[in-house]
Amino acid sequence: MNAVRRNAPGLLAWFAGIVFFLPIAWMALTSFHSESDAATNPPSFAAALTLDGYREFFGVDGGASPWPALINSTVASLVSTLLVLLLALPAAYALSIRPVRKWTDVLFFFLSTKMLPVVAGLLPIYLFAKNAGLLDNIWLLVVLHTSMNLPIAVWMMRSFLAEVPVAVIEAAQLDGARLPTVLRRVVAPIAAPGIAATALICFIFSWNELLFARVLTGVVAETAPVFLTGFITSQGLFLAKVCAASLVISLPVLAAGFAAQDKLVQGLSLGAVK
């Protein structure tokens with residue numbers, strides 16, 4: 001009984017991991033089936049494997065190429081994430097290491113901007129983009145993604161930067177370091193796990209954003225999630241093709257999470273244990 005209780009958290013963690021992994025595994029398996037096999041009910045585990053879904057996604061048989069959409073998503077996600085970090089770092093510094101008056105009210109204001117339903121701001125932004133000639137422009141998405149991710153980035157990084165020893169910063173200032181130098185050479189290396197965790201979350205949010213991209217883009221600035229929705233039709237079979245497209249579009253996020261998993265764990269747990 002004691003052994004069961006001692007191993008229970010580990011077993012529960014394994015069970016939760018398997019439950020979360022099963023849909024991804026099922027999507028990957030379905031992507032290698034033909035459309036007729038993917039549409040069977042109950043599903044056939046022993047169906048023949050094929051690459052037809054991936055051929056259709058990459059336009060091998062004459063379909064639309066996904067590379068422009070993938071490049072647009074990459075540009076929007078990377079540039080907006082970089083801008084968020086550049087703006088959030090000094091803001092979090094001011095709210096943590098050099099706190100302003102009523103800094104809790106400032107943080108609540110940042111968080112309150114996320115309470116507005118996205119669809120409520122869709123029409124004003126669309127009208128602004130139309131009148132400004134910015135429809136189907138990837139840089140409009142960069143600005144929108146930056147503004148949407150900035151509040152949560154400031155909120156996260158404030159807690160990370162609060163763990164930076166003030167004595168180290170004061171020592172750098174006594175040596176004549178100005179604020180940009182302190183942020184770049186002192187604060188950023190110490191808070192690197194937290195910055196990496198914030199960057200990864202902002203990248204994921206930007207890569208997965210669909211509503212604004214669906215309404216504000218057309219052909220030139222089409223992103224990967226919008227390109228994915230084009231495979232869903234009212235007639236015909238498309239399950240295997242959608243699974244193949246979903247798996248390919250998910251790979252950058254999965255690769256980024258795997259590459260930064262140690263920083264992510266350190267960042268999200270920073271300050272959890274005193």
# chains A, B, ... in the order shown; residues from 1 in each chain; ligands from 1
call {"tool": "residues_around", "arguments": {"residues": "Val187 in chain A", "least_positions_apart": "3", "cutoff": "12 Å", "atoms": "only C-alpha atoms", "output": "NGL selection string"}}
result
:A and (89-90 or 92-93 or 96-97 or 157-158 or 160-170 or 172 or 179-184 or 190-195)
call {"tool": "atom_distance", "arguments": {"atom1": "CA of Ser77 in chain A", "atom2": "CA of Phe203 in chain A"}}
result
5.4 Å
call {"tool": "closest_residue", "arguments": {"among": "A:Arg178, A:Gly230, A:Ala196, A:Trp67", "to": "Gln261 in chain A", "atoms": "only C-alpha atoms"}}
result
A:Ala196
call {"tool": "select_by_dssp", "arguments": {"residues": "range 111-177 of chain A", "states": "helix (DSSP H, G or I)", "output": "ChimeraX atom specification"}}
result
/A:111-112,118-132,138-161,166-174
call {"tool": "residues_around", "arguments": {"residues": "range 15-24 of chain A", "least_positions_apart": "3", "cutoff": "12 Å", "atoms": "only C-alpha atoms", "output": "mmCIF file with C-alpha atoms, in the first residue's frame"}}
result
data_model
loop_
_atom_site.group_PDB
_atom_site.id
_atom_site.type_symbol
_atom_site.label_atom_id
_atom_site.label_comp_id
_atom_site.auth_asym_id
_atom_site.auth_seq_id
_atom_site.Cartn_x
_atom_site.Cartn_y
_atom_site.Cartn_z
ATOM 1 C CA ALA A 8 0.747 7.282 -7.347
ATOM 2 C CA PRO A 9 1.893 10.778 -8.458
ATOM 3 C CA GLY A 10 4.209 9.284 -11.066
ATOM 4 C CA LEU A 11 1.530 6.939 -12.378
ATOM 5 C CA LEU A 12 -0.975 9.782 -12.505
ATOM 6 C CA MET A 27 -3.945 12.462 -35.893
ATOM 7 C CA ALA A 28 -0.512 11.297 -37.067
ATOM 8 C CA LEU A 29 -1.798 7.791 -37.834
ATOM 9 C CA THR A 30 -4.845 9.116 -39.682
ATOM 10 C CA SER A 31 -2.661 11.375 -41.814
ATOM 11 C CA CYS A 243 -4.728 15.523 -40.345
ATOM 12 C CA ALA A 244 -1.616 15.674 -42.549
ATOM 13 C CA SER A 246 -2.474 19.812 -39.062
ATOM 14 C CA LEU A 247 0.547 17.683 -38.230
ATOM 15 C CA VAL A 248 2.862 19.658 -40.517
ATOM 16 C CA SER A 250 1.990 21.844 -35.636
ATOM 17 C CA LEU A 251 5.618 20.788 -36.134
ATOM 18 C CA LEU A 254 6.253 21.140 -31.189
#
call {"tool": "closest_residue", "arguments": {"among": "A:Phe258, A:Phe110, A:Trp139, A:Trp14", "to": "Val79 in chain A", "atoms": "only C-alpha atoms"}}
result
A:Trp139
call {"tool": "closest_residue", "arguments": {"among": "A:Ala13, A:Ala197, A:Ala240, A:Val215", "to": "Gly257 in chain A", "atoms": "only C-alpha atoms"}}
result
A:Ala197
